[in-house]
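Participant: Structure in structure tokens, see below.
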Amino acid sequence: MRALFYAAPVDPFRPLFARWAPWLLSPRWARLRAAWLLFHVVAVALVAFPAPIRRLDAAIWRKPAVGVELENWTKRLNSVGVRVTKREVRDFATELAARWLGARNTLVAPFKAYLGALGAPQNWYMFTGADRAPQRFALLFSDRNGTLSPVFELGVRLDHPELIDAEFLDEHRVRRALLQTSWSRAHTFASVCGYFARTLRAERGDVEEVICELRQQNVQHPGHLAESREVIVTRTLVVHADGSASDHWAPPKKRKKAHK
Amino acid sequence: MRRFAAWWLGLTSAREDGTALALLRVLVALSCLGLLGALCFTAEGRQTVVFGFTDVSSGGYRKLAGATTTLTFGLLGLGWIAAVLLLVGAFGRLPALVLAVTTHIVLTRNDDVSGSGDALLGAALLVLVLGDATCTLSVDARLRTGSFVDGSRIAAWPRRIGLFHLTVVYVATGLQKLVATAWTPLDGFSALYQILQSPHWTRFPTLVTDGDGLWVVPLAVGTAVTVAFELGFWLVLVSRRVRPLFATVGVLLHLGIWILLEVGAFSALSLAFYPLLFPQACARLGLALSTALNRAARGSDPGRPLAIRRAARRSDGSRDPESVPRAPAAKNPSCGWWQNARRPPHLR
């Protein structure tokens with residue numbers, strides 16, 4: 001009867017549990033389980049504890065959002081009587097982050113590997129700071145006559161819905177990839193631009209050059225509602241008809257003004 | 001130290017009603033069906049999968065060695081089937097394990113397009129693999145006991161681990177926010193006001209800027225409440241009294257996120273954990289469901305396995321309830337393997 005009971009298509013692990021039942025119900029297993037759960041809880045807490053995502057290098061400090069934070073902290077420290085400059089605050093934060101990251105990475109390495117193996121990574125960097133100058137991805141193309149046509153600018157316009165699906169651009173994973181084009185140090189911008197170049201060429205035969213831009217515009221701050229917010233192009237990649245690409249990346253001040 | 005060890009041993013050895021964990025299972029399965037269904041069965045979802053989760057040779061935007069279209073959609077399809085089985089509660093832990101493996105392989109392959117929702121899904125599925133989530137409100141329970149609702153007791157530690165994971169999510173992200181002045185009074189609690197203008201997250205890019213300052217105060221209040229909620233969520237681990245308050249704020253917070261921001265299944269998955277806050281209320285719900293189902297069944301005999309109930313039918317189709325013994329589950333109020341094992345003295 002018991003064999004019949006276990007033959008039912010229910011939990012396939014149940015026969016195993018039943019076989020090991022005497023041991024699984026023993027005080028020794030209860031202690032072992034308690035120890036493992038303690039290890040698990042400690043591992044989750046340690047790995048999830050906040051830390052900088054990566055080393056604070058010069059590229060990070062150039063980001064407008066980080067620059068504004070640096071300025072705010074300097075002002076606040078000065079207002080409470082701590083006389084420091086922006087550079088001093090930056091150097092202090094860089095050194096602290098490097099030390100903290102060094103010690104933390106050594107400590108959490110085994111726990112991180114354990115949680116990775118379990119499929120439960122602990123990356124909870126959600127809206128850590130407001131991006132005060134988000135960089136929007138914009139796509140344009142030129143045809144054989146040299147006419148420049150905008151395709152889309154994320155969150156602003158979509159001129160050719162027949163080429164790029166509006167719902168595709170609304171997907172949070174696609175938006176996230178477009179966000180990474182401005183934050184990632186890897187080649188995400190070029191890769192994403194290459195994808196759109198292939199898509200445009202597949203849809204239209206007359207596409208000559210595909211141009212991808214990152215357009216930066218400060219967000220409206222509640223303390224400065226009337227402040228003008230100009231748009232500047234921070235990066236441009238041109239994918240030519242032969243597949244070669246030319247990348248223009250310079251500090252924002254040297255870039256042309258796109259529009260107001 | 002000994003007192004702590006004894007306390008911890010008691011905490012990890014306790015048993016309780018399985019309805020809270022079953023509700024987590026149902027809600028996570030529904031979230032997965034939505035998440036994977038959108039990726040597999042809609043044109044923009046399929047395009048997103050090709051874009052983000054396949055190799056450049058298969059149409060993706062970056063190199064992901066071995067990630068072909070067939071393999072990726074095959075794994076997502078398998079995951080979707082597993083989510084259906086998880087929803088109905090068939091085959092015990094197996095669907096949760098399959099879903100955890102398939103989603104981990106596909107959705108965490110490319111960091112550029114993976115988010116916190118995928119990490120939270122991993123944590124939820126880990127809890128469902130560890131716990132006996134199909135003890136009640138499941139096909140397993142129906143096959144085992146003859147009723148979809150089984151009041152048997154299961155190990156409480158998987159629910160507690162799930163609750164701990166949710167707490168860590170909130171507290172860790174709350175601590176991270178303290179680095180940015182926009183989340184604090186130092187910059188007038190302006191974080192939400194600024195985030196809702198980001199084209200990468202907001203559903204309505206011009207909502208805030210078109211408001212002419214109308215949203216400044218409400219969003220400052222929202223920012224302050226969000227930070228306080230996240231930093232104080234650990235209180236639910238030490239006091240049951242505060243749980244209704246945190247649950248109410250949490251539901252409102254996630255509703256707000258869902259309406260205003262595009263962050264995928266994160267809100268749905270976070271809310272799926274909330275039944276874990278109220279194991280006793282869930283147990284009462286299970287009891288009410290059981291009573292209602294028994295009343296609706298009228299004449300059927302819940303509390304015995306389907307196979308035994310089938311055997312109880314005579315060859316002419318009429319019932320002979322006295323001819324077969326009752327199922328072990330009916331005598332022993334416990335779930336799965338536990339019911340057939342002899343309890344050692346320390347657990348009697």
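Labels used: A, B, ... for chains in the order of the structure tokens, numbers from 1 for residues in each chain, and numbers from 1 for ligands as shown.
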Neighbouring residues of segment 132-134 of chain A were defined as those with any atom within 7 Å, considering only C-alpha atoms; residues of the same chain fewer than 2 positions away were excluded. Please report them as a PDB file with N, CA and C atoms, in the first residue's frame.

Facilitator:
ATOM      1  N   PRO A  64      27.985  63.411 -13.865  1.00  0.00           N
ATOM      2  CA  PRO A  64      27.330  64.575 -13.258  1.00  0.00           C
ATOM      3  C   PRO A  64      26.626  64.245 -11.941  1.00  0.00           C
ATOM      4  N   ALA A  65      25.968  63.085 -11.893  1.00  0.00           N
ATOM      5  CA  ALA A  65      25.241  62.725 -10.675  1.00  0.00           C
ATOM      6  C   ALA A  65      26.187  62.620  -9.486  1.00  0.00           C
ATOM      7  N   ALA A 130      19.694  59.649  -7.200  1.00  0.00           N
ATOM      8  CA  ALA A 130      18.954  60.155  -8.356  1.00  0.00           C
ATOM      9  C   ALA A 130      19.968  60.602  -9.407  1.00  0.00           C
ATOM     10  N   ARG A 136      20.250  60.299 -22.457  1.00  0.00           N
ATOM     11  CA  ARG A 136      19.270  59.568 -23.260  1.00  0.00           C
ATOM     12  C   ARG A 136      19.926  59.054 -24.534  1.00  0.00           C
ATOM     13  N   GLN A 216      22.590  64.412 -23.005  1.00  0.00           N
ATOM     14  CA  GLN A 216      22.502  64.639 -21.558  1.00  0.00           C
ATOM     15  C   GLN A 216      21.685  65.889 -21.256  1.00  0.00           C
ATOM     16  N   GLN A 217      20.781  65.762 -20.319  1.00  0.00           N
ATOM     17  CA  GLN A 217      19.988  66.923 -19.891  1.00  0.00           C
ATOM     18  C   GLN A 217      19.752  66.808 -18.386  1.00  0.00           C
ATOM     19  N   ASN A 218      20.019  67.872 -17.676  1.00  0.00           N
ATOM     20  CA  ASN A 218      19.766  67.856 -16.229  1.00  0.00           C
ATOM     21  C   ASN A 218      18.279  67.673 -15.962  1.00  0.00           C
ATOM     22  N   VAL A 219      17.955  66.970 -14.888  1.00  0.00           N
ATOM     23  CA  VAL A 219      16.547  66.870 -14.501  1.00  0.00           C
ATOM     24  C   VAL A 219      16.160  68.173 -13.794  1.00  0.00           C
TER      25      VAL A 219
ATOM     26  N   GLN B 194      13.281  63.592  -8.847  1.00  0.00           N
ATOM     27  CA  GLN B 194      14.288  63.503  -9.904  1.00  0.00           C
ATOM     28  C   GLN B 194      14.213  62.171 -10.649  1.00  0.00           C
ATOM     29  N   SER B 198      13.578  60.411 -15.066  1.00  0.00           N
ATOM     30  CA  SER B 198      14.566  59.614 -15.797  1.00  0.00           C
ATOM     31  C   SER B 198      13.886  58.823 -16.910  1.00  0.00           C
TER      32      SER B 198
END

Participant: Sort by chain and increasing residue number a table of all residues of chain B within 7 Å of chain A, each with its closest pair of atoms and their distance in Å to one decimal, counting only C-alpha atoms, and write it as CSV.

Facilitator:
residue,atom,partner,partner_atom,distance
B:Trp8,CA,A:Ala34,CA,6.8
B:Leu9,CA,A:Ala34,CA,5.7
B:Thr12,CA,A:Ala34,CA,5.9
B:Ser13,CA,A:Ala30,CA,6.6
B:Glu44,CA,A:Phe168,CA,4.8
B:Thr48,CA,A:Phe168,CA,6.7
B:Tyr61,CA,A:Tyr195,CA,5.0
B:Arg62,CA,A:Ser191,CA,5.8
B:Ala90,CA,A:Val10,CA,6.1
B:Phe91,CA,A:Asp11,CA,4.2
B:Gly92,CA,A:Asp11,CA,3.9
B:Arg93,CA,A:Asp11,CA,6.6
B:His104,CA,A:Gly119,CA,6.5
B:Asp112,CA,A:Ala177,CA,5.2
B:Val113,CA,A:Arg173,CA,4.7
B:Ser114,CA,A:Arg173,CA,6.8
B:Ser116,CA,A:Trp124,CA,6.3
B:Ala119,CA,A:Pro121,CA,6.0
B:Gly122,CA,A:Ala120,CA,5.0
B:Ala123,CA,A:Ala120,CA,5.0
B:Asp140,CA,A:Val10,CA,5.3
B:Val168,CA,A:Ala45,CA,6.7
B:Val169,CA,A:Trp124,CA,6.1
B:Ala172,CA,A:Phe49,CA,5.8
B:Thr173,CA,A:Trp124,CA,5.5
B:Leu175,CA,A:Pro50,CA,6.6
B:Gln176,CA,A:Pro50,CA,5.7
B:Lys177,CA,A:Thr128,CA,4.7
B:Ala180,CA,A:Gly129,CA,5.1
B:Thr181,CA,A:Glu69,CA,6.6
B:Ala182,CA,A:Ala130,CA,6.7
B:Ser190,CA,A:Pro222,CA,6.7
B:Ala191,CA,A:Ala130,CA,5.4
B:Gln194,CA,A:Ala130,CA,5.9
B:Ile195,CA,A:Ala130,CA,5.5
B:Gln197,CA,A:Val219,CA,6.4
B:Ser198,CA,A:Pro134,CA,6.4
B:Pro199,CA,A:Gly155,CA,4.8
B:His200,CA,A:Arg175,CA,5.2
B:Pro205,CA,A:Gly155,CA,6.1
B:Thr209,CA,A:Gln220,CA,6.8
B:Gly213,CA,A:Pro222,CA,6.9
B:Val216,CA,A:Pro222,CA,6.0
B:Glu262,CA,A:His172,CA,5.7
B:Val263,CA,A:His172,CA,5.8
B:Gly264,CA,A:His172,CA,6.1
B:Gly336,CA,A:Arg14,CA,6.3
B:Trp337,CA,A:Ala18,CA,4.7
B:Ala341,CA,A:Ala21,CA,6.0
B:Arg343,CA,A:Leu25,CA,7.0
B:Pro344,CA,A:Leu25,CA,6.7

Participant: Would you output that residue set with C-alpha atoms, as a compact mmCIF listing (two decimals), in the first residue's frame?

Facilitator:
# COMPACT_ATOMS: atom_id res chain seq x y z
CA TRP B 8 18.25 29.11 17.39
CA LEU B 9 17.70 25.33 17.43
CA THR B 12 14.84 26.30 13.10
CA SER B 13 13.02 23.18 14.34
CA GLU B 44 8.10 42.84 -28.12
CA THR B 48 13.68 41.71 -26.10
CA TYR B 61 23.49 43.00 -29.21
CA ARG B 62 26.46 41.51 -27.36
CA ALA B 90 2.10 19.51 -8.72
CA PHE B 91 5.28 17.45 -8.39
CA GLY B 92 6.38 19.08 -5.15
CA ARG B 93 9.67 20.96 -5.24
CA HIS B 104 19.04 31.64 -13.54
CA ASP B 112 23.03 44.91 -18.61
CA VAL B 113 19.42 43.73 -18.87
CA SER B 114 19.00 41.87 -15.56
CA SER B 116 16.77 43.32 -8.96
CA ALA B 119 17.67 38.48 -8.09
CA GLY B 122 16.15 33.68 -7.33
CA ALA B 123 15.64 34.24 -3.59
CA ASP B 140 -0.23 17.34 -4.47
CA VAL B 168 17.59 42.19 3.66
CA VAL B 169 16.35 43.50 0.30
CA ALA B 172 20.22 46.94 2.17
CA THR B 173 18.68 49.24 -0.43
CA LEU B 175 21.25 51.85 3.63
CA GLN B 176 22.55 52.37 0.09
CA LYS B 177 20.25 55.36 -0.30
CA ALA B 180 22.85 60.13 -1.80
CA THR B 181 21.75 63.47 -0.42
CA ALA B 182 18.59 63.40 -2.56
CA SER B 190 14.07 65.31 -3.83
CA ALA B 191 14.99 61.78 -4.99
CA GLN B 194 14.29 63.50 -9.90
CA ILE B 195 13.96 59.76 -10.53
CA GLN B 197 12.11 62.32 -14.78
CA SER B 198 14.57 59.61 -15.80
CA PRO B 199 13.69 58.26 -19.25
CA HIS B 200 15.16 54.91 -18.24
CA PRO B 205 8.55 61.16 -18.61
CA THR B 209 8.01 68.65 -15.24
CA GLY B 213 5.92 72.21 -8.87
CA VAL B 216 7.26 68.67 -5.05
CA GLU B 262 8.85 50.44 -15.30
CA VAL B 263 10.81 47.89 -13.25
CA GLY B 264 9.37 44.61 -14.54
CA GLY B 336 4.83 14.54 2.99
CA TRP B 337 7.48 12.18 4.27
CA ALA B 341 8.03 8.40 9.77
CA ARG B 343 8.82 10.63 15.40
CA PRO B 344 11.83 10.46 17.69

Participant: Please identify the strand (DSSP E or B) residues within segment 42-177 of chain A (assignment by DSSP from backbone atoms) and present them as a list of chain:residue names.

Facilitator: A:Gln135, A:Arg136, A:Phe137, A:Ala138, A:Leu139, A:Leu140, A:Phe141, A:Ser142, A:Asp143, A:Leu148, A:Ser149, A:Pro150, A:Val151, A:Phe152, A:Glu153, A:Arg157, A:Leu158

Participant: How many Å separate atom CA of Gly188 of chain B from atom CA of Leu271 of chain B?

Facilitator: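 These atoms are spaced 29.0 Å apart.
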
Participant: Could you jot down the atom CA of Val84 of chain B to atom CA of Arg109 of chain B separation for me, Å, one decimal place?

Facilitator: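 Atom-to-atom, atom CA of Val84 of chain B and atom CA of Arg109 of chain B are spaced 23.5 Å apart.
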
Participant: Excluding Ala197 of chain A and its own-chain neighbours fewer than 6 positions away, which residues fall within 12 Å of it when counting only C-alpha atoms? Please give them as a PyMOL selection string.

Facilitator: (chain A and resi 139-142+151+163-164+190-191+203-205+207-212+237-245) or (chain B and resi 59+61)
